[in-house]
$ cat data.cif   # mmCIF, C-alpha atoms
data_structure
#
loop_
_atom_site.label_atom_id
_atom_site.label_comp_id
_atom_site.auth_asym_id
_atom_site.auth_seq_id
_atom_site.Cartn_x
_atom_site.Cartn_y
_atom_site.Cartn_z
CA MET A 1 6.37 21.20 -11.39
CA LYS A 2 8.22 18.59 -9.30
CA TYR A 3 5.08 16.89 -7.96
CA VAL A 4 6.19 17.12 -4.32
CA ASN A 5 6.39 20.62 -2.78
CA GLU A 6 3.22 21.80 -4.51
CA TYR A 7 1.33 19.26 -2.42
CA ARG A 8 2.89 20.23 0.91
CA ASP A 9 1.69 23.84 0.93
CA ALA A 10 0.51 24.23 4.53
CA LYS A 11 -1.69 27.23 3.80
CA LEU A 12 -3.49 25.42 1.01
CA VAL A 13 -3.97 22.30 3.15
CA GLN A 14 -5.36 24.40 6.00
CA GLY A 15 -7.70 26.11 3.55
CA ILE A 16 -9.06 22.79 2.31
CA ILE A 17 -9.49 21.56 5.89
CA GLU A 18 -11.35 24.80 6.65
CA GLU A 19 -13.63 24.01 3.71
CA ILE A 20 -14.22 20.50 5.12
CA ARG A 21 -15.15 22.11 8.45
CA ARG A 22 -17.54 24.49 6.68
CA ILE A 23 -19.50 21.79 4.86
CA THR A 24 -19.60 19.15 7.63
CA THR A 25 -22.96 18.92 9.41
CA ARG A 26 -22.66 15.59 11.24
CA HIS A 27 -20.41 12.73 12.29
CA TRP A 28 -18.89 10.71 9.42
CA VAL A 29 -16.58 7.70 9.54
CA ILE A 30 -14.12 7.56 6.64
CA MET A 31 -11.57 4.80 6.11
CA GLU A 32 -8.27 5.27 4.36
CA ILE A 33 -7.53 1.85 2.90
CA CYS A 34 -3.81 2.33 2.46
CA GLY A 35 -1.31 2.09 5.30
CA GLY A 36 0.96 4.56 3.52
CA GLN A 37 -1.84 7.10 3.83
CA THR A 38 -2.35 6.19 7.51
CA HIS A 39 1.26 7.13 8.13
CA ALA A 40 0.97 10.36 6.14
CA ILE A 41 -2.20 11.32 8.04
CA VAL A 42 -0.69 10.71 11.47
CA ARG A 43 2.71 12.15 10.52
CA HIS A 44 1.23 15.43 9.28
CA GLY A 45 -1.40 15.48 12.03
CA ILE A 46 -4.25 15.71 9.51
CA ASP A 47 -6.55 13.66 11.76
CA GLN A 48 -6.08 16.27 14.51
CA LEU A 49 -6.71 19.22 12.20
CA LEU A 50 -10.02 17.84 10.97
CA PRO A 51 -13.28 18.88 12.60
CA PRO A 52 -14.21 16.47 15.42
CA GLU A 53 -17.17 15.18 13.37
CA ILE A 54 -14.84 13.55 10.84
CA GLU A 55 -13.43 10.30 12.16
CA LEU A 56 -10.70 8.58 10.18
CA VAL A 57 -10.33 4.83 10.67
CA HIS A 58 -7.39 2.92 9.35
CA GLY A 59 -7.80 0.16 6.82
CA PRO A 60 -6.12 -3.14 6.00
CA GLY A 61 -3.87 -1.75 3.25
CA CYS A 62 -0.62 -2.84 4.78
CA PRO A 63 0.63 -5.96 2.99
CA VAL A 64 3.18 -6.70 5.67
CA CYS A 65 0.39 -6.63 8.27
CA VAL A 66 -2.05 -8.92 6.47
CA THR A 67 0.39 -11.55 5.18
CA PRO A 68 -0.90 -14.65 6.97
CA LEU A 69 1.09 -16.06 9.85
CA GLU A 70 1.26 -19.48 8.17
CA LEU A 71 3.07 -17.91 5.23
CA ILE A 72 5.54 -16.08 7.48
CA ASP A 73 6.23 -19.43 9.14
CA LYS A 74 6.76 -21.00 5.71
CA ALA A 75 9.13 -18.16 4.82
CA LEU A 76 11.07 -18.81 8.04
CA ALA A 77 11.31 -22.53 7.25
CA ILE A 78 12.48 -21.92 3.67
CA ALA A 79 14.93 -19.18 4.66
CA ALA A 80 16.58 -21.48 7.20
CA ARG A 81 17.56 -24.03 4.51
CA PRO A 82 21.29 -24.05 3.75
CA GLU A 83 20.82 -24.09 -0.06
CA VAL A 84 18.50 -21.06 -0.04
CA ILE A 85 19.13 -17.35 -0.48
CA PHE A 86 15.92 -15.80 0.81
CA THR A 87 15.19 -12.32 -0.59
CA SER A 88 12.55 -9.94 0.67
CA TYR A 89 11.46 -6.33 0.95
CA GLY A 90 13.02 -5.00 4.15
CA ASP A 91 9.74 -4.58 6.00
CA MET A 92 9.16 -8.31 6.28
CA LEU A 93 12.26 -9.11 8.28
CA ARG A 94 10.96 -8.09 11.70
CA VAL A 95 7.41 -9.43 11.27
CA PRO A 96 6.86 -12.00 14.01
CA GLY A 97 6.06 -15.54 12.94
CA SER A 98 4.84 -18.08 15.49
CA GLY A 99 8.20 -18.20 17.23
CA ARG A 100 10.74 -15.94 15.54
CA ASP A 101 11.29 -13.59 12.59
CA LEU A 102 13.52 -13.47 9.49
CA PHE A 103 16.11 -11.41 11.37
CA SER A 104 16.60 -14.24 13.84
CA VAL A 105 16.84 -16.75 10.98
CA ARG A 106 19.60 -14.57 9.55
CA ALA A 107 21.31 -14.32 12.95
CA ALA A 108 21.25 -18.12 13.13
CA GLY A 109 23.13 -18.36 9.83
CA GLY A 110 20.36 -18.20 7.23
CA ASP A 111 21.15 -16.28 4.04
CA VAL A 112 18.40 -13.63 4.17
CA ARG A 113 18.87 -10.58 1.96
CA VAL A 114 16.88 -7.36 1.60
CA VAL A 115 16.23 -6.28 -1.99
CA TYR A 116 14.83 -3.01 -3.30
CA SER A 117 13.21 -4.56 -6.35
CA PRO A 118 12.31 -8.15 -7.32
CA LEU A 119 14.58 -7.72 -10.36
CA ASP A 120 17.47 -7.56 -7.86
CA ALA A 121 16.44 -11.04 -6.66
CA VAL A 122 16.56 -12.30 -10.26
CA LYS A 123 20.07 -10.85 -10.55
CA ILE A 124 21.13 -12.72 -7.38
CA ALA A 125 19.76 -15.95 -8.90
CA GLN A 126 21.82 -15.33 -12.06
CA GLN A 127 24.96 -14.75 -10.00
CA ASN A 128 24.43 -17.82 -7.78
CA PRO A 129 23.47 -20.71 -10.08
CA ASP A 130 24.26 -23.31 -7.39
CA ARG A 131 21.88 -21.77 -4.83
CA GLN A 132 18.07 -21.58 -4.72
CA VAL A 133 16.90 -17.96 -4.66
CA VAL A 134 13.44 -17.34 -3.22
CA PHE A 135 11.70 -13.98 -3.35
CA PHE A 136 8.96 -13.20 -0.81
CA ALA A 137 6.35 -11.78 -3.21
CA ILE A 138 3.98 -9.94 -0.93
CA GLY A 139 1.92 -6.87 -1.69
CA PHE A 140 -1.23 -5.34 -3.07
CA GLU A 141 -1.98 -4.56 -6.70
CA THR A 142 0.69 -1.82 -6.75
CA THR A 143 3.51 -4.31 -6.25
CA ALA A 144 2.15 -7.04 -8.53
CA PRO A 145 3.54 -5.63 -11.82
CA ALA A 146 7.07 -5.73 -10.39
CA ASN A 147 6.66 -9.19 -8.91
CA VAL A 148 5.21 -10.76 -12.09
CA MET A 149 7.98 -9.17 -14.16
CA SER A 150 10.55 -11.02 -12.05
CA VAL A 151 8.91 -14.33 -13.05
CA MET A 152 8.84 -13.36 -16.73
CA GLN A 153 12.46 -12.28 -16.55
CA ALA A 154 13.56 -15.51 -14.78
CA GLN A 155 11.73 -17.52 -17.44
CA GLN A 156 13.32 -15.49 -20.22
CA LEU A 157 16.77 -16.07 -18.73
CA GLY A 158 16.08 -19.80 -18.34
CA LEU A 159 16.70 -19.70 -14.58
CA HIS A 160 15.76 -22.87 -12.68
CA ASN A 161 16.95 -21.62 -9.28
CA PHE A 162 14.44 -18.78 -8.82
CA SER A 163 11.02 -18.99 -7.20
CA LEU A 164 8.42 -16.81 -5.50
CA LEU A 165 6.70 -17.31 -2.17
CA VAL A 166 3.50 -15.52 -3.17
CA SER A 167 1.13 -13.77 -0.79
CA HIS A 168 -0.60 -11.23 -2.97
CA VAL A 169 -3.79 -9.51 -1.84
CA CYS A 170 -6.33 -7.27 -3.56
CA VAL A 171 -8.21 -4.24 -2.25
CA PRO A 172 -11.79 -4.60 -3.60
CA PRO A 173 -12.55 -7.99 -1.96
CA ALA A 174 -11.28 -6.63 1.38
CA MET A 175 -13.58 -3.60 1.08
CA HIS A 176 -16.44 -5.94 0.28
CA ALA A 177 -15.63 -7.93 3.44
CA ILE A 178 -15.51 -4.77 5.58
CA LEU A 179 -18.74 -3.33 4.16
CA SER A 180 -20.72 -6.55 4.42
CA SER A 181 -19.76 -7.11 8.07
CA PRO A 182 -22.61 -6.48 10.56
CA THR A 183 -20.17 -4.49 12.72
CA ASN A 184 -19.10 -2.16 9.89
CA ARG A 185 -18.87 1.57 10.75
CA VAL A 186 -17.27 2.85 7.55
CA GLN A 187 -19.37 5.34 5.54
CA GLY A 188 -16.84 6.50 2.97
CA PHE A 189 -13.44 5.50 1.61
CA LEU A 190 -10.19 7.08 0.51
CA LEU A 191 -9.05 4.69 -2.22
CA ALA A 192 -5.36 3.80 -2.39
CA GLY A 193 -3.81 6.04 -5.05
CA HIS A 194 -1.07 3.74 -6.25
CA VAL A 195 -3.22 0.62 -6.28
CA CYS A 196 -5.45 2.63 -8.61
CA ALA A 197 -2.47 3.89 -10.65
CA VAL A 198 -2.00 0.25 -11.65
CA MET A 199 -5.59 -1.02 -11.66
CA GLY A 200 -7.55 2.12 -12.46
CA TYR A 201 -10.78 2.56 -10.51
CA TRP A 202 -13.28 0.74 -12.71
CA GLU A 203 -13.64 -1.98 -10.05
CA TYR A 204 -15.10 0.38 -7.45
CA PRO A 205 -18.37 1.92 -8.75
CA PRO A 206 -20.30 -1.38 -8.25
CA LEU A 207 -19.07 -1.50 -4.61
CA ALA A 208 -20.00 2.16 -4.03
CA LYS A 209 -23.45 1.57 -5.44
CA LYS A 210 -24.12 -1.73 -3.67
CA TYR A 211 -23.23 -0.40 -0.21
CA GLY A 212 -24.12 3.26 -0.74
CA VAL A 213 -20.66 4.53 0.17
CA PRO A 214 -18.78 7.32 -1.63
CA MET A 215 -15.09 6.92 -2.44
CA ALA A 216 -12.28 9.13 -3.66
CA VAL A 217 -9.06 7.95 -5.28
CA THR A 218 -6.47 9.68 -3.07
CA GLY A 219 -2.75 10.40 -3.24
CA PHE A 220 -0.16 10.51 -0.48
CA GLU A 221 0.84 14.12 0.08
CA PRO A 222 -0.98 16.20 2.72
CA LEU A 223 -2.86 18.21 0.09
CA ASP A 224 -3.89 15.01 -1.73
CA ILE A 225 -5.29 13.54 1.47
CA ALA A 226 -7.14 16.74 2.39
CA GLN A 227 -8.64 16.84 -1.10
CA GLY A 228 -9.71 13.18 -0.92
CA ILE A 229 -11.41 13.77 2.44
CA LEU A 230 -13.13 16.91 1.08
CA MET A 231 -14.51 14.97 -1.89
CA VAL A 232 -15.83 12.13 0.29
CA VAL A 233 -17.38 14.52 2.85
CA HIS A 234 -19.03 16.47 0.02
CA ALA A 235 -20.50 13.26 -1.38
CA LEU A 236 -21.63 12.09 2.09
CA GLU A 237 -23.31 15.41 2.82
CA ASP A 238 -25.02 15.33 -0.61
CA GLY A 239 -26.03 11.67 -0.25
CA ARG A 240 -24.08 10.63 -3.36
CA ALA A 241 -22.46 7.17 -3.44
CA GLU A 242 -20.00 7.92 -6.23
CA VAL A 243 -16.38 7.16 -6.99
CA GLU A 244 -14.38 10.31 -7.69
CA ASN A 245 -10.73 10.92 -8.48
CA ALA A 246 -8.74 13.25 -6.21
CA TYR A 247 -5.44 12.05 -7.73
CA PRO A 248 -5.95 12.63 -11.47
CA ARG A 249 -2.30 13.48 -12.16
CA ALA A 250 -1.38 9.87 -11.36
CA VAL A 251 -4.53 7.80 -11.89
CA THR A 252 -6.85 7.17 -14.83
CA PHE A 253 -10.13 5.26 -14.77
CA GLU A 254 -8.61 2.42 -16.83
CA GLY A 255 -5.29 2.31 -14.98
CA ASN A 256 -2.06 0.93 -16.42
CA GLN A 257 -3.15 -1.47 -19.17
CA PRO A 258 0.24 -3.10 -19.92
CA ALA A 259 0.66 -3.82 -16.19
CA GLN A 260 -2.84 -5.29 -15.82
CA LYS A 261 -2.22 -7.47 -18.87
CA MET A 262 1.05 -8.83 -17.47
CA ILE A 263 -0.52 -9.51 -14.05
CA GLY A 264 -3.30 -11.50 -15.77
CA LYS A 265 -0.73 -13.52 -17.68
CA VAL A 266 1.19 -14.66 -14.58
CA PHE A 267 -1.31 -14.48 -11.68
CA MET A 268 -4.85 -15.71 -11.19
CA PRO A 269 -7.36 -14.95 -8.42
CA CYS A 270 -7.38 -17.24 -5.38
CA ASP A 271 -8.83 -17.37 -1.87
CA ARG A 272 -6.49 -15.72 0.59
CA LYS A 273 -6.28 -15.69 4.36
CA TRP A 274 -5.55 -12.21 5.80
CA ARG A 275 -3.64 -12.07 9.05
CA GLY A 276 -5.95 -10.98 11.87
CA ILE A 277 -9.02 -10.95 9.61
CA GLY A 278 -9.36 -14.47 8.22
CA MET A 279 -10.19 -15.99 4.87
CA ILE A 280 -11.61 -13.64 2.23
CA PRO A 281 -12.83 -15.45 -0.90
CA LEU A 282 -10.97 -14.60 -4.12
CA SER A 283 -9.06 -11.82 -2.37
CA GLY A 284 -5.60 -12.80 -3.52
CA TRP A 285 -3.48 -13.64 -6.51
CA CYS A 286 -1.37 -16.75 -6.95
CA LEU A 287 0.78 -18.08 -9.79
CA ARG A 288 -1.02 -19.62 -12.75
CA PRO A 289 -0.38 -23.38 -13.18
CA GLU A 290 1.87 -22.73 -16.19
CA PHE A 291 4.26 -20.90 -13.85
CA ALA A 292 4.19 -23.66 -11.18
CA GLU A 293 7.95 -24.20 -11.44
CA PHE A 294 8.41 -20.70 -9.96
CA ASN A 295 6.22 -21.50 -6.94
CA ALA A 296 8.38 -21.79 -3.81
CA GLU A 297 5.58 -23.52 -1.87
CA LYS A 298 5.72 -26.34 -4.44
CA ARG A 299 9.51 -26.38 -4.68
CA PHE A 300 10.03 -26.72 -0.92
CA ASP A 301 8.00 -29.06 1.23
CA VAL A 302 6.57 -26.63 3.79
CA ASP A 303 2.94 -27.65 4.07
CA ALA A 304 2.62 -29.04 7.58
CA ILE A 305 3.46 -26.02 9.75
CA GLN A 306 1.46 -25.23 12.90
CA SER A 307 1.12 -21.48 13.49
CA GLU A 308 0.23 -19.64 16.66
CA GLU A 309 -0.73 -15.94 17.05
CA SER A 310 -0.10 -13.80 20.14
CA PRO A 311 -3.28 -13.83 22.30
CA LEU A 312 -2.77 -10.16 23.30
CA CYS A 313 -2.70 -8.65 19.80
CA ILE A 314 -5.87 -6.98 18.42
CA ALA A 315 -4.40 -6.21 14.98
CA GLY A 316 -7.35 -7.88 13.25
CA GLN A 317 -9.86 -5.43 14.72
CA ILE A 318 -7.57 -2.50 13.96
CA LEU A 319 -7.18 -3.58 10.33
CA GLN A 320 -10.97 -3.64 9.95
CA GLY A 321 -11.41 -0.17 11.39
CA LEU A 322 -13.21 -1.49 14.50
CA LYS A 323 -10.54 -0.38 16.98
CA LYS A 324 -7.70 2.12 17.17
CA PRO A 325 -4.14 1.17 18.18
CA HIS A 326 -4.50 2.89 21.57
CA ASP A 327 -7.49 0.68 22.36
CA CYS A 328 -5.05 -2.23 22.73
CA ALA A 329 -3.87 -3.09 26.25
CA ALA A 330 -0.50 -4.17 24.84
CA PHE A 331 0.11 -0.92 22.86
CA GLY A 332 3.40 0.69 23.92
CA ALA A 333 4.07 -2.03 26.49
CA PRO A 334 4.81 -4.84 25.93
CA CYS A 335 4.19 -4.26 22.17
CA THR A 336 6.69 -1.84 20.55
CA PRO A 337 8.35 -1.64 17.12
CA GLU A 338 11.46 -3.24 18.66
CA HIS A 339 9.43 -6.09 20.18
CA PRO A 340 6.23 -6.28 18.14
CA LEU A 341 3.49 -8.73 19.07
CA GLY A 342 1.68 -8.18 15.78
CA ALA A 343 2.57 -7.05 12.29
CA THR A 344 0.74 -3.69 12.56
CA MET A 345 3.48 -2.56 15.00
CA VAL A 346 6.26 -3.51 12.57
CA SER A 347 5.59 -2.19 9.17
CA ALA A 348 6.28 1.29 7.84
CA GLU A 349 2.56 1.19 7.02
CA GLY A 350 1.13 -0.43 10.12
CA ALA A 351 -1.35 1.72 12.06
CA CYS A 352 0.15 0.79 15.45
CA ALA A 353 3.64 1.73 14.26
CA ALA A 354 2.33 5.08 12.99
CA TYR A 355 0.69 5.89 16.34
CA TYR A 356 3.82 4.83 18.18
CA LYS A 357 6.25 6.67 15.93
CA TYR A 358 4.35 9.95 15.80
CA GLY A 359 3.70 10.27 19.50
CA ARG A 360 0.15 9.11 19.88
CA VAL A 361 1.26 7.05 22.87
CA GLU A 362 -0.50 9.36 25.32
CA PHE A 363 -3.86 8.32 23.88
CA ALA A 364 -3.21 4.84 25.19
CA THR A 365 -4.22 6.06 28.63
CA GLN A 366 -6.50 9.00 27.78
CA GLY A 367 -8.56 7.70 24.86
CA ARG A 368 -9.21 10.26 22.16
CA ARG A 369 -12.93 10.07 21.55
CA ALA A 370 -14.93 9.15 24.59
CA MET B 1 4.74 -0.54 0.83
CA CYS B 2 2.63 0.98 -1.94
CA LEU B 3 4.59 4.18 -1.53
CA GLY B 4 5.80 5.54 -4.80
CA VAL B 5 8.17 8.39 -5.39
CA PRO B 6 7.75 10.82 -8.28
CA GLY B 7 10.85 11.23 -10.41
CA LYS B 8 11.92 12.59 -13.77
CA ILE B 9 13.09 10.22 -16.50
CA VAL B 10 16.48 11.49 -17.69
CA GLU B 11 17.65 8.55 -19.79
CA ILE B 12 16.03 5.54 -21.49
CA TYR B 13 17.93 2.37 -22.49
CA GLU B 14 17.59 -1.41 -22.64
CA VAL B 15 19.02 -4.07 -20.33
CA GLY B 16 18.48 -7.79 -21.02
CA GLY B 17 15.46 -7.08 -23.22
CA LEU B 18 13.82 -4.78 -20.65
CA LYS B 19 13.13 -1.09 -21.17
CA MET B 20 15.00 0.63 -18.34
CA GLY B 21 15.72 4.22 -17.44
CA LYS B 22 17.64 6.55 -15.19
CA VAL B 23 15.30 8.51 -12.96
CA ASP B 24 16.09 11.76 -11.12
CA PHE B 25 14.51 12.06 -7.66
CA GLY B 26 15.44 15.66 -6.89
CA GLY B 27 19.15 15.04 -7.43
CA VAL B 28 19.32 11.36 -6.45
CA TYR B 29 19.51 9.08 -9.49
CA ARG B 30 18.27 5.48 -9.63
CA GLU B 31 17.64 2.91 -12.30
CA ALA B 32 14.03 1.87 -12.85
CA CYS B 33 12.20 -0.52 -15.14
CA LEU B 34 10.04 1.33 -17.71
CA GLU B 35 8.35 -1.73 -19.27
CA TYR B 36 4.91 -0.65 -18.03
CA VAL B 37 5.18 2.86 -19.46
CA PRO B 38 6.08 2.01 -23.06
CA ASP B 39 5.29 5.52 -24.34
CA ALA B 40 7.25 7.39 -21.66
CA GLN B 41 9.75 9.95 -22.94
CA VAL B 42 12.85 11.52 -21.44
CA GLY B 43 11.82 14.59 -19.43
CA GLU B 44 8.51 13.09 -18.25
CA TYR B 45 7.67 12.47 -14.61
CA THR B 46 6.61 9.07 -13.36
CA VAL B 47 5.87 7.38 -10.03
CA ILE B 48 8.42 4.69 -9.17
CA HIS B 49 7.41 1.79 -6.94
CA VAL B 50 9.89 -1.02 -6.03
CA GLY B 51 12.02 -0.16 -9.04
CA PHE B 52 9.18 0.07 -11.59
CA ALA B 53 7.50 3.05 -13.21
CA ILE B 54 3.76 2.49 -12.71
CA ASN B 55 2.39 5.52 -14.58
CA ARG B 56 3.18 8.78 -16.36
CA LEU B 57 2.27 11.87 -14.36
CA ASN B 58 -0.14 14.15 -16.18
CA GLU B 59 0.96 17.78 -15.78
CA GLU B 60 -2.22 19.21 -17.25
CA GLU B 61 -4.38 17.33 -14.72
CA ALA B 62 -1.99 18.34 -11.94
CA GLN B 63 -2.18 22.05 -12.78
CA GLU B 64 -5.95 21.91 -13.20
CA SER B 65 -6.63 20.31 -9.82
CA LEU B 66 -4.16 22.61 -8.03
CA ALA B 67 -5.95 25.59 -9.57
CA LEU B 68 -9.28 24.20 -8.41
CA LEU B 69 -8.01 23.74 -4.85
CA ARG B 70 -6.58 27.28 -4.79
CA GLU B 71 -9.93 28.56 -5.96
CA ILE B 72 -11.74 26.75 -3.14
CA VAL B 73 -9.32 28.19 -0.59
CA ASN B 74 -9.53 31.74 -2.00
CA LEU B 75 -13.31 31.55 -1.98
CA GLU B 76 -13.09 30.32 1.59
CA ASP B 77 -10.95 33.36 2.51
CA GLU B 78 -13.40 35.74 0.87
CA LEU B 79 -16.37 34.13 2.59
CA GLY B 80 -14.50 34.30 5.91
CA ALA B 81 -13.66 37.98 5.36
CA GLY B 82 -17.27 38.74 4.47
CA GLN B 83 -18.51 37.25 7.73
CA GLU B 84 -16.17 39.22 9.95
#
$ encode --input "data.cif" --output "structure tokens"
Amino acid sequence: MKYVNEYRDAKLVQGIIEEIRRITTRHWVIMEICGGQTHAIVRHGIDQLLPPEIELVHGPGCPVCVTPLELIDKALAIAARPEVIFTSYGDMLRVPGSGRDLFSVRAAGGDVRVVYSPLDAVKIAQQNPDRQVVFFAIGFETTAPANVMSVMQAQQLGLHNFSLLVSHVCVPPAMHAILSSPTNRVQGFLLAGHVCAVMGYWEYPPLAKKYGVPMAVTGFEPLDIAQGILMVVHALEDGRAEVENAYPRAVTFEGNQPAQKMIGKVFMPCDRKWRGIGMIPLSGWCLRPEFAEFNAEKRFDVDAIQSEESPLCIAGQILQGLKKPHDCAAFGAPCTPEHPLGATMVSAEGACAAYYKYGRVEFATQGRRA
Amino acid sequence: MCLGVPGKIVEIYEVGGLKMGKVDFGGVYREACLEYVPDAQVGEYTVIHVGFAINRLNEEEAQESLALLREIVNLEDELGAGQE
């Protein structure tokens, strides 16, 4: 058991999709929350194998996409300072701010470095005691345990030149916002497997019950995704609004307790603006006051920045499942991964980037579902 | 971003007070932080995300759900054959 090839068995996936076809009696709209799953679905063509009654819409689970423009602009301002080494996950470098991106800050002489893990940023701070090292702490619940550990580690090491620019977001408040919107079309959810690996799925049954929508905790391999869809379609056809687990090898109901404990020690809930969507109450995490010295927004004076979004980009509607990438007039031209107008075209998890990368460009002119 | 890669823990050690380990991703080895899987043992599989193990993969659950899926598909085949 290597936990990879077993879940890429084409015959088994086709069999499960056949079963979905067999039990489906009407049109259902299912949202996969996670952008990683959006890419897997489009890459493996799962959306095209499904019966036409099953419509997959793509959710806001792409941290790079929803990090608010104001915060990108703050990152750009901090990264441009001569005393700063700005560290980030690679995805963030091409995300457009109001005027430029982190790549262009680097080209202009800024010290911007890509790290694989936030612990690498702590190491850079240790090695450069005369520089200020800032880590761009973005992400959903999955990434939070790593990001909070960097703060604990910096504190342990007595580092005074390390701080986080925090833009953490959480899945359940975003689902609440989508489901309570009068324009909502989503009838069932594939829950993000690795968010649930950390948090468990105890937060979701109240949401499922309140809005009458079934959900399945879902993994990332083709078979995982097919199984998640099968579970949700089963529940929809039966009229059950339950939360089930299609990823039990990796996820328990309680989740990772040591990780949740550490997150609670360092972060606390806060209101958070989502790029393209707007403010969602208590949808984010920020540093607790006792960790204020690690807060880059406090360390650097970057409050008065005016941000401006591209008027052509419809990323907000795409992130809420209201539109598909090919509904956008700018998709493919002028908006491309090389010259993105919005963050959904940049990230390895953005829906627009997935459609572009895996050849769904033709739909821009045809339209898939009339 | 929330992508995680399953790997096998081949070594466990400590660096600067943190529980760390060497993880085998099908022949490619990387260091990962094991602080959040305090009970993990050498030989176990885990999902690694941005340099951290976020869980321990449960082989029993994995085998059980694969068996269930195979059953669904076999039943599907039989039903299909019966209709032809």
$ residues_around --input "data.cif" --residues "Met20 in chain B" --least-positions-apart "5" --cutoff "8 Å" --atoms "all atoms listed in the file" --output "PDB file with C-alpha atoms, keeping the file's coordinate frame"
ATOM      1  CA  ILE B  12      16.030   5.540 -21.490  1.00  0.00           C
ATOM      2  CA  TYR B  13      17.930   2.370 -22.490  1.00  0.00           C
ATOM      3  CA  GLU B  14      17.590  -1.410 -22.640  1.00  0.00           C
ATOM      4  CA  VAL B  15      19.020  -4.070 -20.330  1.00  0.00           C
ATOM      5  CA  GLU B  31      17.640   2.910 -12.300  1.00  0.00           C
ATOM      6  CA  ALA B  32      14.030   1.870 -12.850  1.00  0.00           C
ATOM      7  CA  CYS B  33      12.200  -0.520 -15.140  1.00  0.00           C
ATOM      8  CA  LEU B  34      10.040   1.330 -17.710  1.00  0.00           C
ATOM      9  CA  GLU B  35       8.350  -1.730 -19.270  1.00  0.00           C
TER      10      GLU B  35
END
$ resolve_selection --input "data.cif" --expression "the PyMOL selection byres ((chain B) within 6 of (chain A))" --output "NGL selection string"
:B and (2 or 36 or 50-51 or 57-58 or 61-62 or 73)
$ residues_near_point --input "data.cif" --point "(-23.4, -3.9, 3.5)" --cutoff "6 Å" --atoms "all atoms listed in the file" --output "MDAnalysis selection string"
chainID A and resid 179:180 211
$ write_last_selection --input "data.cif" --atoms "C-alpha atoms" --output "PDB file, keeping the file's coordinate frame"
ATOM      1  CA  LEU A 179     -18.740  -3.330   4.160  1.00  0.00           C
ATOM      2  CA  SER A 180     -20.720  -6.550   4.420  1.00  0.00           C
ATOM      3  CA  TYR A 211     -23.230  -0.400  -0.210  1.00  0.00           C
TER       4      TYR A 211
END
$ residues_around --input "data.cif" --residues "range 41-46 of chain B" --least-positions-apart "4" --cutoff "9 Å" --atoms "only C-alpha atoms" --output "PDB file with C-alpha atoms, keeping the file's coordinate frame"
ATOM      1  CA  LYS A   2       8.220  18.590  -9.300  1.00  0.00           C
ATOM      2  CA  TYR A   3       5.080  16.890  -7.960  1.00  0.00           C
ATOM      3  CA  ALA A 250      -1.380   9.870 -11.360  1.00  0.00           C
TER       4      ALA A 250
ATOM      5  CA  VAL B   5       8.170   8.390  -5.390  1.00  0.00           C
ATOM      6  CA  PRO B   6       7.750  10.820  -8.280  1.00  0.00           C
ATOM      7  CA  GLY B   7      10.850  11.230 -10.410  1.00  0.00           C
ATOM      8  CA  LYS B   8      11.920  12.590 -13.770  1.00  0.00           C
ATOM      9  CA  ILE B   9      13.090  10.220 -16.500  1.00  0.00           C
ATOM     10  CA  VAL B  10      16.480  11.490 -17.690  1.00  0.00           C
ATOM     11  CA  GLU B  11      17.650   8.550 -19.790  1.00  0.00           C
ATOM     12  CA  ILE B  12      16.030   5.540 -21.490  1.00  0.00           C
ATOM     13  CA  GLY B  21      15.720   4.220 -17.440  1.00  0.00           C
ATOM     14  CA  VAL B  23      15.300   8.510 -12.960  1.00  0.00           C
ATOM     15  CA  VAL B  37       5.180   2.860 -19.460  1.00  0.00           C
ATOM     16  CA  ALA B  53       7.500   3.050 -13.210  1.00  0.00           C
ATOM     17  CA  ILE B  54       3.760   2.490 -12.710  1.00  0.00           C
ATOM     18  CA  ASN B  55       2.390   5.520 -14.580  1.00  0.00           C
ATOM     19  CA  ARG B  56       3.180   8.780 -16.360  1.00  0.00           C
ATOM     20  CA  LEU B  57       2.270  11.870 -14.360  1.00  0.00           C
ATOM     21  CA  ASN B  58      -0.140  14.150 -16.180  1.00  0.00           C
ATOM     22  CA  GLU B  59       0.960  17.780 -15.780  1.00  0.00           C
TER      23      GLU B  59
END
$ closest_atom_pairs --input "data.cif" --of "range 125-241 of chain A" --to "range 95-113 of chain A" --cutoff "12 Å" --atoms "all atoms listed in the file" --output "tab-separated table"
residue	atom	partner	partner_atom	distance
A:Arg131	CA	A:Asp111	CA	10.5
A:Gln132	CA	A:Asp111	CA	10.7
A:Val133	CA	A:Asp111	CA	9.8
A:Val134	CA	A:Val112	CA	9.6
A:Phe135	CA	A:Arg113	CA	9.5
A:Phe136	CA	A:Arg113	CA	10.6
$ atom_distance --input "data.cif" --atom1 "CA of Phe267 in chain A" --atom2 "CA of Leu319 in chain A"
25.3 Å
$ residues_around --input "data.cif" --residues "range 280-294 of chain A" --least-positions-apart "6" --cutoff "7 Å" --atoms "all atoms listed in the file" --output "PyMOL selection string"
chain A and resi 162-164+166+168-170+173-174+266-273
$ resolve_selection --input "data.cif" --expression "the PyMOL selection byres ((chain A and resi 187) around 10)" --output "ChimeraX atom specification"
/A:28-31,179,184-186,188-189,211-215,232-233,236,241
$ residues_around --input "data.cif" --residues "range 344-346 of chain A" --least-positions-apart "3" --cutoff "10 Å" --atoms "all atoms listed in the file" --output "MDAnalysis selection string"
chainID A and resid 35 60 62:66 91:96 276 313:316 318:319 325 331:332 335:341 349:357
$ atom_distance --input "data.cif" --atom1 "CA of Ile33 in chain A" --atom2 "CA of Ser307 in chain A"
27.0 Å
$ residues_near_point --input "data.cif" --point "(18.2, -17.7, -7.2)" --cutoff "8 Å" --atoms "only C-alpha atoms" --output "ChimeraX atom specification"
/A:84-85,121-129,131-134,159-163
